[in-house]
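Asker: This one is upload32.csv, CSV, N, CA and C atoms.
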chain,number,residue,atom,x,y,z
V,686,MET,N,5.7,8.1,15.0
V,686,MET,CA,5.3,6.9,14.4
V,686,MET,C,4.8,7.1,13.0
V,687,THR,N,5.2,6.3,12.1
V,687,THR,CA,4.8,6.4,10.7
V,687,THR,C,3.4,5.8,10.5
V,688,GLU,N,2.5,6.5,9.9
V,688,GLU,CA,1.2,5.9,9.6
V,688,GLU,C,1.2,5.4,8.2
V,689,VAL,N,0.8,4.1,8.0
V,689,VAL,CA,0.8,3.4,6.8
V,689,VAL,C,-0.6,2.8,6.5
V,690,ILE,N,-1.2,3.2,5.4
V,690,ILE,CA,-2.5,2.6,5.0
V,690,ILE,C,-2.2,1.9,3.6
V,691,LEU,N,-2.7,0.7,3.5
V,691,LEU,CA,-2.5,-0.1,2.3
V,691,LEU,C,-3.9,-0.5,1.7
V,692,TYR,N,-4.2,0.0,0.6
V,692,TYR,CA,-5.4,-0.3,-0.1
V,692,TYR,C,-5.1,-1.6,-1.0
V,693,THR,N,-5.9,-2.6,-0.8
V,693,THR,CA,-5.7,-3.9,-1.5
V,693,THR,C,-7.0,-4.4,-2.2
V,694,SER,N,-6.8,-5.4,-3.0
V,694,SER,CA,-7.9,-6.1,-3.6
V,694,SER,C,-7.7,-7.6,-3.4
V,695,PRO,N,-8.7,-8.4,-3.2
V,695,PRO,CA,-8.5,-9.8,-3.0
V,695,PRO,C,-7.9,-10.4,-4.2
V,696,GLY,N,-6.9,-11.3,-3.9
V,696,GLY,CA,-6.2,-12.1,-5.0
V,696,GLY,C,-5.2,-11.3,-5.7
V,697,CYS,N,-4.9,-10.1,-5.3
V,697,CYS,CA,-3.9,-9.2,-6.0
V,697,CYS,C,-2.5,-9.6,-5.5
V,698,PRO,N,-1.7,-10.1,-6.5
V,698,PRO,CA,-0.3,-10.6,-6.1
V,698,PRO,C,0.6,-9.4,-5.7
V,699,ASP,N,0.4,-8.3,-6.3
V,699,ASP,CA,1.3,-7.1,-5.9
V,699,ASP,C,0.9,-6.6,-4.5
V,700,CYS,N,-0.4,-6.7,-4.2
V,700,CYS,CA,-0.9,-6.3,-2.8
V,700,CYS,C,-0.2,-7.3,-1.8
V,701,ALA,N,-0.2,-8.6,-2.1
V,701,ALA,CA,0.4,-9.5,-1.2
V,701,ALA,C,1.9,-9.3,-1.0
V,702,ALA,N,2.5,-8.9,-2.1
V,702,ALA,CA,4.0,-8.6,-2.0
V,702,ALA,C,4.3,-7.4,-1.2
V,703,VAL,N,3.4,-6.3,-1.3
V,703,VAL,CA,3.6,-5.2,-0.4
V,703,VAL,C,3.4,-5.5,1.0
V,704,LYS,N,2.3,-6.3,1.3
V,704,LYS,CA,2.1,-6.7,2.7
V,704,LYS,C,3.2,-7.6,3.2
V,705,ARG,N,3.8,-8.5,2.4
V,705,ARG,CA,5.0,-9.3,2.9
V,705,ARG,C,6.1,-8.3,3.2
V,706,PHE,N,6.4,-7.4,2.3
V,706,PHE,CA,7.5,-6.4,2.5
V,706,PHE,C,7.3,-5.7,3.9
V,707,LEU,N,6.1,-5.1,4.1
V,707,LEU,CA,5.9,-4.4,5.3
V,707,LEU,C,6.0,-5.3,6.6
V,708,THR,N,5.4,-6.4,6.5
V,708,THR,CA,5.4,-7.4,7.6
V,708,THR,C,6.8,-7.8,7.9
V,709,ALA,N,7.6,-8.1,6.9
V,709,ALA,CA,9.0,-8.5,7.2
V,709,ALA,C,9.8,-7.4,7.9
V,710,ARG,N,9.4,-6.2,7.8
V,710,ARG,CA,10.1,-5.1,8.4
V,710,ARG,C,9.5,-4.6,9.7
V,711,GLY,N,8.4,-5.3,10.1
V,711,GLY,CA,7.7,-5.0,11.3
V,711,GLY,C,6.9,-3.7,11.3
V,712,VAL,N,6.5,-3.3,10.0
V,712,VAL,CA,5.8,-2.1,9.9
V,712,VAL,C,4.3,-2.3,10.1
V,713,ALA,N,3.7,-1.6,11.0
V,713,ALA,CA,2.3,-1.7,11.2
V,713,ALA,C,1.6,-1.0,10.1
V,714,PHE,N,0.5,-1.5,9.6
V,714,PHE,CA,-0.3,-0.9,8.6
V,714,PHE,C,-1.8,-1.2,8.7
V,715,GLU,N,-2.6,-0.3,8.2
V,715,GLU,CA,-4.0,-0.5,8.2
V,715,GLU,C,-4.3,-0.9,6.8
V,716,GLU,N,-5.0,-2.0,6.6
V,716,GLU,CA,-5.4,-2.5,5.3
V,716,GLU,C,-6.9,-2.1,5.0
V,717,ARG,N,-7.1,-1.5,3.8
V,717,ARG,CA,-8.4,-1.2,3.4
V,717,ARG,C,-8.7,-1.9,2.1
V,718,ASP,N,-9.8,-2.7,2.1
V,718,ASP,CA,-10.1,-3.6,0.9
V,718,ASP,C,-10.9,-2.8,-0.1
V,719,LEU,N,-10.4,-2.7,-1.3
V,719,LEU,CA,-11.0,-1.9,-2.3
V,719,LEU,C,-12.3,-2.6,-2.9
V,720,SER,N,-12.5,-3.9,-2.5
V,720,SER,CA,-13.8,-4.5,-2.9
V,720,SER,C,-14.9,-4.2,-2.0
V,721,GLN,N,-14.7,-3.5,-0.9
V,721,GLN,CA,-15.7,-3.2,0.0
V,721,GLN,C,-16.4,-1.9,-0.4
V,722,PRO,N,-17.7,-1.8,-0.1
V,722,PRO,CA,-18.5,-0.6,-0.5
V,722,PRO,C,-17.9,0.7,0.1
V,723,GLY,N,-17.8,1.7,-0.8
V,723,GLY,CA,-17.3,3.0,-0.4
V,723,GLY,C,-15.8,3.1,-0.4
V,724,VAL,N,-15.0,2.1,-0.3
V,724,VAL,CA,-13.6,2.2,-0.2
V,724,VAL,C,-12.9,2.7,-1.5
V,725,PRO,N,-13.4,2.2,-2.7
V,725,PRO,CA,-12.8,2.7,-4.0
V,725,PRO,C,-13.1,4.2,-4.1
V,726,GLU,N,-14.2,4.7,-3.7
V,726,GLU,CA,-14.6,6.1,-3.8
V,726,GLU,C,-13.7,6.9,-2.9
V,727,GLU,N,-13.4,6.4,-1.7
V,727,GLU,CA,-12.5,7.0,-0.7
V,727,GLU,C,-11.1,7.2,-1.3
V,728,ALA,N,-10.6,6.1,-1.9
V,728,ALA,CA,-9.3,6.1,-2.4
V,728,ALA,C,-9.2,7.1,-3.6
V,729,LYS,N,-10.2,7.1,-4.4
V,729,LYS,CA,-10.2,8.0,-5.6
V,729,LYS,C,-10.3,9.4,-5.1
V,730,SER,N,-11.1,9.7,-4.2
V,730,SER,CA,-11.3,11.1,-3.7
V,730,SER,C,-10.0,11.6,-3.0
V,731,ARG,N,-9.4,10.8,-2.2
V,731,ARG,CA,-8.2,11.2,-1.5
V,731,ARG,C,-6.9,11.1,-2.3
V,732,TYR,N,-6.7,10.1,-3.1
V,732,TYR,CA,-5.4,9.9,-3.8
V,732,TYR,C,-5.5,9.9,-5.3
V,733,GLY,N,-6.7,10.1,-5.9
V,733,GLY,CA,-6.8,10.2,-7.3
V,733,GLY,C,-6.8,8.9,-8.1
V,734,VAL,N,-6.7,7.8,-7.4
V,734,VAL,CA,-6.7,6.5,-8.1
V,734,VAL,C,-7.5,5.5,-7.2
V,735,ARG,N,-7.9,4.4,-7.8
V,735,ARG,CA,-8.6,3.3,-7.1
V,735,ARG,C,-8.1,2.0,-7.6
V,736,VAL,N,-6.9,1.9,-7.9
V,736,VAL,CA,-6.3,0.6,-8.3
V,736,VAL,C,-5.3,0.1,-7.3
V,737,ALA,N,-5.3,-1.2,-7.0
V,737,ALA,CA,-4.5,-1.8,-6.0
V,737,ALA,C,-3.2,-2.3,-6.5
V,738,PRO,N,-2.2,-2.2,-5.7
V,738,PRO,CA,-2.1,-1.7,-4.3
V,738,PRO,C,-1.8,-0.1,-4.3
V,739,ILE,N,-2.4,0.5,-3.4
V,739,ILE,CA,-2.1,1.9,-3.1
V,739,ILE,C,-1.5,1.9,-1.7
V,740,THR,N,-0.3,2.4,-1.6
V,740,THR,CA,0.4,2.5,-0.3
V,740,THR,C,0.5,3.9,0.1
V,741,VAL,N,0.0,4.3,1.3
V,741,VAL,CA,0.0,5.6,1.8
V,741,VAL,C,0.9,5.7,3.0
V,742,ILE,N,1.9,6.5,2.9
V,742,ILE,CA,2.9,6.6,4.0
V,742,ILE,C,2.8,8.0,4.5
V,743,ASP,N,2.3,8.2,5.7
V,743,ASP,CA,2.2,9.6,6.3
V,743,ASP,C,1.5,10.5,5.3
V,744,GLY,N,0.4,10.0,4.7
V,744,GLY,CA,-0.4,10.9,3.8
V,744,GLY,C,0.1,10.9,2.3
V,745,ALA,N,1.2,10.5,2.0
V,745,ALA,CA,1.8,10.5,0.7
V,745,ALA,C,1.5,9.1,0.0
V,746,ALA,N,0.8,9.1,-1.1
V,746,ALA,CA,0.3,7.9,-1.7
V,746,ALA,C,1.2,7.5,-2.9
V,747,THR,N,1.5,6.2,-3.1
V,747,THR,CA,2.1,5.7,-4.3
V,747,THR,C,1.3,4.5,-4.7
V,748,TYR,N,1.3,4.2,-5.9
V,748,TYR,CA,0.5,3.0,-6.4
V,748,TYR,C,1.3,2.4,-7.6
V,749,GLY,N,0.8,1.3,-8.0
V,749,GLY,CA,1.4,0.5,-9.1
V,749,GLY,C,1.8,-0.8,-8.6
V,750,THR,N,2.5,-1.5,-9.4
V,750,THR,CA,3.0,-2.9,-9.0
V,750,THR,C,4.0,-2.8,-7.9
V,751,PHE,N,4.2,-3.9,-7.2
V,751,PHE,CA,5.2,-4.0,-6.2
V,751,PHE,C,6.6,-3.5,-6.7
V,752,ALA,N,6.9,-4.0,-7.9
V,752,ALA,CA,8.2,-3.6,-8.5
V,752,ALA,C,8.3,-2.0,-8.7
V,753,ASP,N,7.2,-1.4,-9.0
V,753,ASP,CA,7.1,0.1,-9.2
V,753,ASP,C,7.3,0.7,-7.8
V,754,GLN,N,6.7,0.1,-6.8
V,754,GLN,CA,6.8,0.8,-5.4
V,754,GLN,C,8.0,0.4,-4.6
V,755,LYS,N,8.7,-0.6,-5.0
V,755,LYS,CA,9.7,-1.2,-4.1
V,755,LYS,C,10.8,-0.2,-3.7
V,756,ALA,N,11.3,0.6,-4.6
V,756,ALA,CA,12.4,1.6,-4.3
V,756,ALA,C,11.9,2.6,-3.3
V,757,GLY,N,10.7,3.0,-3.4
V,757,GLY,CA,10.1,4.0,-2.4
V,757,GLY,C,9.9,3.3,-1.1
V,758,LEU,N,9.5,2.1,-1.1
V,758,LEU,CA,9.3,1.4,0.2
V,758,LEU,C,10.6,1.1,0.9
V,759,GLU,N,11.6,0.8,0.1
V,759,GLU,CA,13.0,0.6,0.7
V,759,GLU,C,13.5,1.9,1.2
V,760,ALA,N,13.3,3.0,0.6
V,760,ALA,CA,13.7,4.3,1.0
V,760,ALA,C,13.1,4.6,2.4
V,761,ALA,N,11.8,4.3,2.5
V,761,ALA,CA,11.1,4.6,3.7
V,761,ALA,C,11.4,3.6,4.9
V,762,PHE,N,11.5,2.3,4.5
V,762,PHE,CA,11.6,1.3,5.6
V,762,PHE,C,12.9,0.5,5.6
V,763,GLY,N,13.7,0.6,4.6
V,763,GLY,CA,15.0,-0.1,4.5
V,763,GLY,C,14.9,-1.4,3.7
V,764,ALA,N,16.0,-1.7,3.1
V,764,ALA,CA,16.1,-3.0,2.3
V,764,ALA,C,16.6,-4.1,3.2
V,765,ILE,N,16.2,-5.3,2.9
V,765,ILE,CA,16.7,-6.5,3.6
V,765,ILE,C,17.7,-7.1,2.7
V,766,SER,N,18.9,-7.3,3.2
V,766,SER,CA,20.0,-7.8,2.4
V,766,SER,C,19.9,-9.3,2.2
What does this structure look like when you write it as structure tokens?
Answerer:
Amino acid sequence: MTEVILYTSPGCPDCAAVKRFLTARGVAFEERDLSQPGVPEEAKSRYGVRVAPITVIDGAATYGTFADQKAGLEAAFGAIS
């Protein structure tokens, strides 16, 4: 089973797009809110960044806009035609 962690920020449109993408494919994910105490520091220490969205798939992190992440997400979970 693939482990997916998604670091998000409230009101982030790219975060919402990644969540929609994962949900549409039935991918279970754990969401971590970067506005909560300690979460930005956790993201920075583990993945080197603390900007949303950060998508971690089996320990490998990608970040940037949904458009930047889309090809990698499709490679991991498939495209919807």
Asker: Can you measure atom CA of V:Leu719 to atom CA of V:Thr687 for me? One decimal in Å is fine.
Answerer: 22.1 Å
Asker: Could you check how far atom CA of V:Phe762 sits from atom CA of V:Asp699, in Å to one decimal?
Answerer: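 Between atom CA of V:Phe762 and atom CA of V:Asp699 the gap is 17.6 Å.
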Asker: As an exercise, work out the distance from atom CA of V:Ala756 to atom CA of V:Pro738 in Å and give it to one decimal place.
Answerer: 14.9 Å
Asker: I need the residues in stretch 716-758 of chain V that are alpha helix (DSSP H) according to DSSP; give them as number ranges by chain.
Answerer: V: 724-732, 751-758
Asker: Of the candidates V:Ala761, V:Ile742, V:Val724, V:Leu691, which one gets nearest to V:Val703 if we count only C-alpha atoms?
Answerer: V:Leu691
Asker: So, with only C-alpha atoms as the atoms that count, which of V:Glu727, V:Asp743, V:Glu759, V:Asp718 lies closest to V:Thr693?
Answerer: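 Of the candidates, the smallest distance to V:Thr693 is held by V:Asp718.
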Asker: Do you know which residues lie at most 6 Å from (-1.2, 3.3, 5.1), with coordinates as in the file and only N, CA and C atoms counted, and could you write them as a list in words?
Answerer: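 Counting only N, CA and C atoms, I find these residues within 6 Å of (-1.2, 3.3, 5.1): Glu688, Val689, Ile690, Leu691, Phe714, Glu715, Thr740, Val741 and Ile742 of chain V.
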Asker: Closest to V:Leu758 among V:Lys729, V:Ala746, V:Ser694, V:Met686, using only C-alpha atoms?
Answerer: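 Among the listed residues, V:Ala746 lies closest to V:Leu758.
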Asker: For V:Tyr692, which residue out of V:Arg735, V:Arg710, V:Arg705, V:Arg717 is the nearest one, using only N, CA and C atoms?
Answerer: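 Using only N, CA and C atoms, the shortest distance to V:Tyr692 belongs to V:Arg717.
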Asker: Enclose the full set of atoms of stretch 712-716 of chain V listed in the file within a box whose edges lie along x, y and z, apply 4 Å of padding to each of the six sides, and report centre and edge lengths in Å to one decimal as JSON.
Answerer:
{"center_x": -0.2, "center_y": -1.8, "center_z": 8.1, "size_x": 21.4, "size_y": 11.0, "size_z": 14.2}
Asker: Considering only C-alpha atoms, state which residue in the set V:Thr750, V:Glu716, V:Ala737, V:Gly723 is at the smallest distance from V:Gly696.
Answerer: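 Distance minimum relative to V:Gly696 lands on V:Ala737.
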Asker: Select, from V:Gly757, V:Val736, V:Ala745, V:Ala764, the residue with the minimum atom-to-atom distance to V:Cys700, counting only C-alpha atoms.
Answerer: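 When distances to V:Cys700 are compared using only C-alpha atoms, the smallest one comes from V:Val736.
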